[in-house]
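Novice: Dropping the structure in here first, questions after.
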Amino acid sequence: MATCEVSFVSKFSDLTRLPDARGHFGPYGGRFVSETLSFALDELEKTYLSLRDDPAFLAEFDYDLAHYVGRPSPLYHAERWSKQLGGAQIWLKREDLNHTGAHKVNNTIGQALLAKKSGKPRVIAETGAGQHGVATATVAARLGLECDVYMGAEDVQRQKLNVYRMRLLGANVISVESGTRTLKDAMNEALRDWVTNVDNTFYIIGTVAGPHPYPMLVRDFNAVVGREARRQSFEEFGALPDALIACVGGGSNAMGLFYPFVEDDGVVMYGVEAGGDGVETGRHAAPLSSGAPRGVLHGNRTYLMSDEGGQVSDTHSVSAGLDYPGVGPEHALWKDVGRVNYVAANDNEVLEAFRELTHVEGIMPALESAHALAYAKKLAPTLRPDQHIVVNLSGRGDKDIMTVANLDGIEF
Amino acid sequence: MTGQTMNRIDQRFAELKSQGRRALIPFITAGDPGPEHTLGFMHALVEAGADIIELGVPFSDPMADGPVIQKACERALKRGVRLSHLFEIVQEFRQSDTTTPVVLMGYLNPMERIGLEAFADQAAAAGIDGVLTVDMPPEEAEELGPLLKSRGLASIFLVAPTTSEERAATICAHGEGYLYYVSLKGVTGSAILNATDVADHLAPLRRMTDLPLCVGFGIRDGASAAEVGKVADGVIVGSALVSRIAANADTPEAIPAELKAVLGEMRQALDALSA
């Protein structure tokens, strides 16, 4: 279980050279947008490619991550929980301790630097759970940029705390009433805004999806998570981890953790999707583990939950941040080549993991991150105590207290 | 450039050119407010002077469309309309109208879902003449483009105010049928267009291609159609028609007359230009 049965060396090293010049990850990715946006995407790609290896740009990014975000985030040994589960040692990559409380800020810091270079006075974002919206509103406040955040009306309801946080930060939160009133509809509306205001607006996409170059640059900005975790693993237990686990909605925290380990064959990776009521019920948000067909949405080709007529399916998850019918195109490729195992955790397993970590370790995880913990609970007992699992604790759970309280029948 | 076979679109533009007239191209979302009405609407559009009909394929996530066409998609999807219905509708249309070109306009996912080859086969068999896939620029059309071409269907592409000359040249090289110039930065049904700005953008395109240049987004009445008709080979009108369908969705029998009134005014305004 701890090591790959088959060696994929040549194949896996190839994975670090993607996307190709047109933004394709094998058959996935690309740039499927209406013509008006092509120019802005070309411009963004040129800007990013000119800066990605520029020492001054990287130094500025690293400085902000250290002094504004508080990196590096710790790799914490969940000793008591590991003992209780009776198997491998579980290490938590504490992205919940970042400024704003999730990994999302790594990317918004990076994109804010690009926005600054572009000279555009306004940023927009889409958000599900509100973490990316908060992280965007935060960097916008810091740089004095106008900020509009699109959020599905259903998510505005279930994430009231983050909505108010964004407003306190000076952002305008726009409730999206169209479609299923969740993350995908927020992204549609953000794209409509961008196409209208493309001259003065920088679109800060929050996940490794969207048209090229977004999947690449969001990955690169989040890869700091995996680089740190790799180094910290050697420091803490003197070896590479045996397994990595992260939740996958669009897939940015999983991409950030996994990418720097992609060539380490011995490191087995698990991406945990939102199983909702159970993949077998159809009420879930798990395109990879449910065997959804290929499709095109929001500018890229990927695996996409849709009906036989190609209409995008409704999704269901207790966590707003994973409630998305598609997934980043690089994950789609990693599924095909077998580099990552994609599994699902159901809402009830997630809530159990949420409570368990809170009780046993005194750490309240975001419901999104609790998907990864739910799978760790299953995997750890199958491994030996001298083996190590790194779980991305991608965000903190304060924002979810109302949701959990409601499920407990408690009203404030 | 246009294919070797003369399809209905090329034929129609050749006729219009010889008459010195502009093309009037209405867009409606197929299946709105119900699939049983679309055929009648198409005939009404032709009677009111449509030269080409663009039929919108309903999609759950129409990212390039404003609220008017989003809601039209929702009405059609509520009735379960899918591509197979569109093919049936066009097939029936062809029983009595063999000359008016029909162009499908929509998003890639419904086409991909049934398989691009199956899509091209069924579109050709139904009597469709061209396909405009809003979220598929020519760079991503490597698969669908040849499948359509080999069946005599035109791949129609968009050009936007933000399109660079270099990109415009690529689009002209891949485009067939006509070029759809998007008159403004925004979604369908947005603000009123600026005719001078449109003229400035069409001039370099004229030097690059012989394709007819048609303009859409922001054309809502005879006056705006005439403004654009002065510099373009055709005008495309969508939201102005779809909003009439929306206003009468509960009394669909009233819709054909409404469509004819809106389109008829544009036809007169355009024909006054060539008189």
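Letters for chains follow the order of the structure tokens (A, B, ...), residue numbers begin at 1 for each chain, and ligand numbers begin at 1 in the order shown.
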Can you list every residue of chain B that has an atom at most 8 Å from chain A, with its nearest atom pair and the distance in Å to one decimal, using only C-alpha atoms, ordered by chain then number, as a Markdown table?
Specialist:
| residue | atom | partner | partner_atom | distance |
| --- | --- | --- | --- | --- |
| B:Phe59 | CA | A:Gln311 | CA | 6.1 |
| B:Ser60 | CA | A:Gln311 | CA | 5.4 |
| B:Asp61 | CA | A:Asn188 | CA | 6.8 |
| B:Pro62 | CA | A:Asn188 | CA | 7.6 |
| B:Met63 | CA | A:Asn188 | CA | 5.1 |
| B:Ala64 | CA | A:Arg192 | CA | 6.2 |
| B:Asp65 | CA | A:Arg192 | CA | 7.6 |
| B:Gly66 | CA | A:Arg192 | CA | 7.8 |
| B:Arg82 | CA | A:Gly309 | CA | 5.8 |
| B:Leu83 | CA | A:Gly309 | CA | 7.0 |
| B:Leu108 | CA | A:Val296 | CA | 6.6 |
| B:Asn109 | CA | A:Val296 | CA | 5.2 |
| B:Pro110 | CA | A:Gly310 | CA | 3.9 |
| B:Met111 | CA | A:Gly310 | CA | 7.3 |
| B:Glu112 | CA | A:Gly295 | CA | 6.6 |
| B:Arg113 | CA | A:Gly310 | CA | 5.1 |
| B:Ile114 | CA | A:Gly309 | CA | 7.2 |
| B:Val134 | CA | A:Ser34 | CA | 5.5 |
| B:Asp135 | CA | A:Val33 | CA | 4.3 |
| B:Met136 | CA | A:Phe32 | CA | 5.1 |
| B:Pro137 | CA | A:Glu35 | CA | 6.5 |
| B:Glu140 | CA | A:Phe32 | CA | 7.1 |
| B:Leu158 | CA | A:Glu35 | CA | 6.1 |
| B:Val159 | CA | A:Glu35 | CA | 6.2 |
| B:Ala160 | CA | A:Thr36 | CA | 5.1 |
| B:Pro161 | CA | A:Thr36 | CA | 7.0 |
| B:Thr162 | CA | A:Thr36 | CA | 5.7 |
| B:Thr163 | CA | A:Phe39 | CA | 6.1 |
| B:Ser164 | CA | A:Phe39 | CA | 7.1 |
| B:Lys185 | CA | A:Thr196 | CA | 4.9 |
| B:Gly186 | CA | A:Thr196 | CA | 3.8 |
| B:Val187 | CA | A:Arg192 | CA | 6.3 |
Novice: Could you name the residues that touch B:Ala254 at 12 Å or less, counting only C-alpha atoms, but leaving out those on the same chain fewer than 3 positions away, as a list in words?
Specialist: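 Non-adjacent residues within range: His37, Gly40, Phe41, Ala44, Arg244, Ile245, Ala246, Ala247, Asn248, Ala249, Asp250, Thr251, Ala257, Glu258, Leu259, Lys260 and Ala261 of chain B.
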Novice: Near A:Thr403, within 12 Å and counting only C-alpha atoms, which residues show up once chain neighbours fewer than 3 positions away are dropped, as a list in words?
Specialist: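 Here the qualifying residues turn out to be Ala129, Asp155, Gln157, Arg158, Gln159, Lys160, Leu161, Ser317, Val318, Ser319, Ala320, Leu351, Phe354, Ala366, Leu367, Gly397, Asp398, Lys399, Asp400, Asn406, Leu407, Asp408, Gly409, Ile410, Glu411 and Phe412 of chain A.
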Novice: Name the residues of stretch 73-150 of chain B that fall into strand (DSSP E or B) according to DSSP on the backbone, using the chain letters and numbers of this document, as a PyMOL selection string.
Specialist: chain B and resi 102-106+130-133
Novice: List as a ChimeraX atom specification the protein and nucleic acid residues near B:Pro33, meaning an atom at most 12 Å away when only C-alpha atoms are counted, but skip any in the same chain fewer than 5 places from it.
Specialist: /B:28,38-39,41,58,69,71-81,242-253,255
Novice: How would the residues just picked look written out with N, CA and C atoms as an mmCIF file, in the first residue's frame?
Specialist:
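Contents of out_29.cif, as written:
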data_model
loop_
_atom_site.group_PDB
_atom_site.id
_atom_site.type_symbol
_atom_site.label_atom_id
_atom_site.label_comp_id
_atom_site.auth_asym_id
_atom_site.auth_seq_id
_atom_site.Cartn_x
_atom_site.Cartn_y
_atom_site.Cartn_z
ATOM 1 N N ILE B 28 -32.885 32.976 -32.197
ATOM 2 C CA ILE B 28 -33.788 32.606 -31.098
ATOM 3 C C ILE B 28 -33.243 31.348 -30.429
ATOM 4 N N THR B 38 -41.022 26.238 -31.783
ATOM 5 C CA THR B 38 -39.850 26.757 -32.509
ATOM 6 C C THR B 38 -40.053 26.761 -34.026
ATOM 7 N N LEU B 39 -40.633 25.700 -34.555
ATOM 8 C CA LEU B 39 -40.821 25.612 -36.009
ATOM 9 C C LEU B 39 -41.660 26.785 -36.523
ATOM 10 N N PHE B 41 -42.056 29.665 -35.144
ATOM 11 C CA PHE B 41 -41.275 30.908 -35.016
ATOM 12 C C PHE B 41 -40.310 31.053 -36.193
ATOM 13 N N PRO B 58 -29.879 25.398 -26.157
ATOM 14 C CA PRO B 58 -29.969 25.705 -24.720
ATOM 15 C C PRO B 58 -28.838 25.041 -23.937
ATOM 16 N N ILE B 69 -31.029 35.855 -22.553
ATOM 17 C CA ILE B 69 -30.817 34.546 -23.169
ATOM 18 C C ILE B 69 -30.575 33.459 -22.108
ATOM 19 N N LYS B 71 -32.251 33.251 -19.394
ATOM 20 C CA LYS B 71 -33.608 32.838 -18.993
ATOM 21 C C LYS B 71 -34.273 32.022 -20.096
ATOM 22 N N ALA B 72 -33.968 32.352 -21.350
ATOM 23 C CA ALA B 72 -34.505 31.567 -22.465
ATOM 24 C C ALA B 72 -33.989 30.133 -22.378
ATOM 25 N N CYS B 73 -32.697 29.984 -22.050
ATOM 26 C CA CYS B 73 -32.115 28.646 -21.871
ATOM 27 C C CYS B 73 -32.834 27.918 -20.740
ATOM 28 N N GLU B 74 -33.067 28.628 -19.650
ATOM 29 C CA GLU B 74 -33.731 27.991 -18.506
ATOM 30 C C GLU B 74 -35.136 27.518 -18.874
ATOM 31 N N ARG B 75 -35.870 28.346 -19.636
ATOM 32 C CA ARG B 75 -37.233 27.934 -20.038
ATOM 33 C C ARG B 75 -37.170 26.682 -20.914
ATOM 34 N N ALA B 76 -36.231 26.672 -21.849
ATOM 35 C CA ALA B 76 -36.131 25.520 -22.749
ATOM 36 C C ALA B 76 -35.686 24.265 -21.994
ATOM 37 N N LEU B 77 -34.734 24.449 -21.075
ATOM 38 C CA LEU B 77 -34.223 23.281 -20.341
ATOM 39 C C LEU B 77 -35.280 22.717 -19.397
ATOM 40 N N LYS B 78 -36.116 23.593 -18.879
ATOM 41 C CA LYS B 78 -37.203 23.133 -18.021
ATOM 42 C C LYS B 78 -38.130 22.207 -18.801
ATOM 43 N N ARG B 79 -38.214 22.440 -20.113
ATOM 44 C CA ARG B 79 -39.024 21.572 -20.963
ATOM 45 C C ARG B 79 -38.206 20.394 -21.499
ATOM 46 N N GLY B 80 -36.992 20.240 -21.022
ATOM 47 C CA GLY B 80 -36.177 19.072 -21.399
ATOM 48 C C GLY B 80 -35.602 19.135 -22.807
ATOM 49 N N VAL B 81 -35.496 20.330 -23.369
ATOM 50 C CA VAL B 81 -35.015 20.451 -24.752
ATOM 51 C C VAL B 81 -33.526 20.095 -24.834
ATOM 52 N N VAL B 242 -35.691 37.611 -28.358
ATOM 53 C CA VAL B 242 -35.918 36.675 -27.255
ATOM 54 C C VAL B 242 -36.687 37.344 -26.118
ATOM 55 N N SER B 243 -36.488 38.650 -25.947
ATOM 56 C CA SER B 243 -37.236 39.337 -24.883
ATOM 57 C C SER B 243 -38.727 39.410 -25.235
ATOM 58 N N ARG B 244 -39.072 39.411 -26.530
ATOM 59 C CA ARG B 244 -40.492 39.355 -26.923
ATOM 60 C C ARG B 244 -41.064 37.967 -26.630
ATOM 61 N N ILE B 245 -40.255 36.953 -26.841
ATOM 62 C CA ILE B 245 -40.700 35.592 -26.513
ATOM 63 C C ILE B 245 -40.945 35.488 -25.007
ATOM 64 N N ALA B 246 -40.005 36.057 -24.233
ATOM 65 C CA ALA B 246 -40.132 35.996 -22.773
ATOM 66 C C ALA B 246 -41.410 36.695 -22.310
ATOM 67 N N ALA B 247 -41.678 37.874 -22.893
ATOM 68 C CA ALA B 247 -42.829 38.671 -22.459
ATOM 69 C C ALA B 247 -44.146 37.963 -22.769
ATOM 70 N N ASN B 248 -44.121 37.064 -23.751
ATOM 71 C CA ASN B 248 -45.356 36.392 -24.170
ATOM 72 C C ASN B 248 -45.306 34.882 -23.934
ATOM 73 N N ALA B 249 -44.432 34.451 -23.031
ATOM 74 C CA ALA B 249 -44.219 33.015 -22.849
ATOM 75 C C ALA B 249 -45.504 32.294 -22.440
ATOM 76 N N ASP B 250 -46.414 33.004 -21.792
ATOM 77 C CA ASP B 250 -47.664 32.362 -21.365
ATOM 78 C C ASP B 250 -48.733 32.365 -22.461
ATOM 79 N N THR B 251 -48.519 33.181 -23.491
ATOM 80 C CA THR B 251 -49.448 33.194 -24.632
ATOM 81 C C THR B 251 -48.652 33.020 -25.916
ATOM 82 N N PRO B 252 -48.072 31.827 -26.106
ATOM 83 C CA PRO B 252 -47.143 31.621 -27.233
ATOM 84 C C PRO B 252 -47.777 31.889 -28.597
ATOM 85 N N GLU B 253 -49.113 31.771 -28.688
ATOM 86 C CA GLU B 253 -49.754 32.007 -29.992
ATOM 87 C C GLU B 253 -49.567 33.461 -30.446
ATOM 88 N N ILE B 255 -46.726 35.101 -30.104
ATOM 89 C CA ILE B 255 -45.303 35.384 -30.333
ATOM 90 C C ILE B 255 -44.945 35.604 -31.810
#
Novice: Enter the distance from atom CA of A:Ala88 to atom CA of A:Lys378, in Å, rounded to one decimal.
Specialist: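 Between atom CA of A:Ala88 and atom CA of A:Lys378 the gap is 10.8 Å.
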Novice: What is the atom CA of A:Tyr203 to atom CA of A:Gly101 distance in Å?
Specialist: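 Spanning atom CA of A:Tyr203 to atom CA of A:Gly101 is a straight-line distance of 21.6 Å.
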Novice: So how far away is atom CA of A:Gln111 from atom CA of A:Gly395, in Å?
Specialist: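 Value for the atom CA of A:Gly395-atom CA of A:Gln111 distance: 19.5 Å.
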Novice: If we count only C-alpha atoms and set the cut-off at 9 Å, which residues sit around B:Ile171, ignoring sequence neighbours fewer than 4 positions away in its own chain? Please answer as a compact mmCIF listing (two decimals) with C-alpha atoms, in the first residue's frame.
Specialist:
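As written to disk, out_33.txt reads:
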# COMPACT_ATOMS: atom_id res chain seq x y z
CA PRO B 137 -11.92 29.71 -30.61
CA PRO B 138 -10.22 28.43 -33.80
CA GLU B 139 -7.19 27.17 -31.81
CA PHE B 157 -16.18 32.22 -35.59
CA LEU B 158 -16.42 35.35 -33.50
CA VAL B 159 -14.19 38.40 -33.73
CA GLU B 166 -2.64 38.76 -35.64
CA ARG B 167 -5.48 36.73 -34.09
CA GLY B 175 -13.68 31.00 -40.65
CA LEU B 179 -17.52 36.37 -39.57
Novice: Looking only at helix (DSSP H, G or I) from DSSP on the backbone, list the matching residues of stretch 15-261 of chain B as a PyMOL selection string.
Specialist: chain B and resi 15-19+35-47+67-78+83-96+108-114+116-126+138-140+144-149+165-174+195-208+222-229+239-247+252-261
Novice: Find the spatial neighbours of B:Val231, counting only C-alpha atoms, within a cut-off of 7 Å - ignore same-chain residues fewer than 2 positions away - and output them as a ChimeraX atom specification.
Specialist: /B:199,228-229
Novice: Keeping only N, CA and C atoms, take the residues you just selected and write them out as a tab-separated table (two decimals), in the first residue's frame.
Specialist:
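Produced file out17.tsv, reproduced below:
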chain	number	residue	atom	x	y	z
B	199	ALA	N	-17.36	50.44	-37.24
B	199	ALA	CA	-16.78	50.72	-38.56
B	199	ALA	C	-15.26	50.67	-38.51
B	228	VAL	N	-25.63	49.94	-38.31
B	228	VAL	CA	-24.66	48.88	-38.54
B	228	VAL	C	-24.66	48.45	-40.01
B	229	GLY	N	-25.86	48.42	-40.59
B	229	GLY	CA	-25.99	48.00	-41.99
B	229	GLY	C	-25.18	48.86	-42.95
Novice: Residues near A:Asp96, anyone? I mean within 8 Å using only C-alpha atoms, not counting same-chain ones fewer than 5 positions away, as a ChimeraX atom specification.
Specialist: /A:101-103,365,393-396
Novice: Write the residues you've just listed into a file as a tab-separated table (two decimals), in the first residue's frame, and include N, CA and C atoms for each of them.
Specialist:
chain	number	residue	atom	x	y	z
A	101	GLY	N	-6.79	32.12	7.04
A	101	GLY	CA	-7.29	30.82	7.48
A	101	GLY	C	-7.38	29.70	6.46
A	102	ALA	N	-6.71	29.83	5.33
A	102	ALA	CA	-6.72	28.74	4.35
A	102	ALA	C	-5.57	28.91	3.37
A	103	HIS	N	-5.37	27.85	2.55
A	103	HIS	CA	-4.31	27.90	1.54
A	103	HIS	C	-4.60	28.94	0.47
A	365	PRO	N	-11.10	21.71	11.79
A	365	PRO	CA	-10.79	21.83	10.36
A	365	PRO	C	-11.97	22.40	9.57
A	393	LEU	N	-4.23	20.11	5.73
A	393	LEU	CA	-5.31	20.75	6.49
A	393	LEU	C	-5.48	22.13	5.87
A	394	SER	N	-6.25	22.15	4.77
A	394	SER	CA	-6.22	23.31	3.88
A	394	SER	C	-6.88	24.56	4.47
A	395	GLY	N	-7.75	24.39	5.47
A	395	GLY	CA	-8.38	25.58	6.03
A	395	GLY	C	-8.97	25.31	7.40
A	396	ARG	N	-9.23	26.39	8.12
A	396	ARG	CA	-9.77	26.22	9.46
A	396	ARG	C	-11.30	26.25	9.44
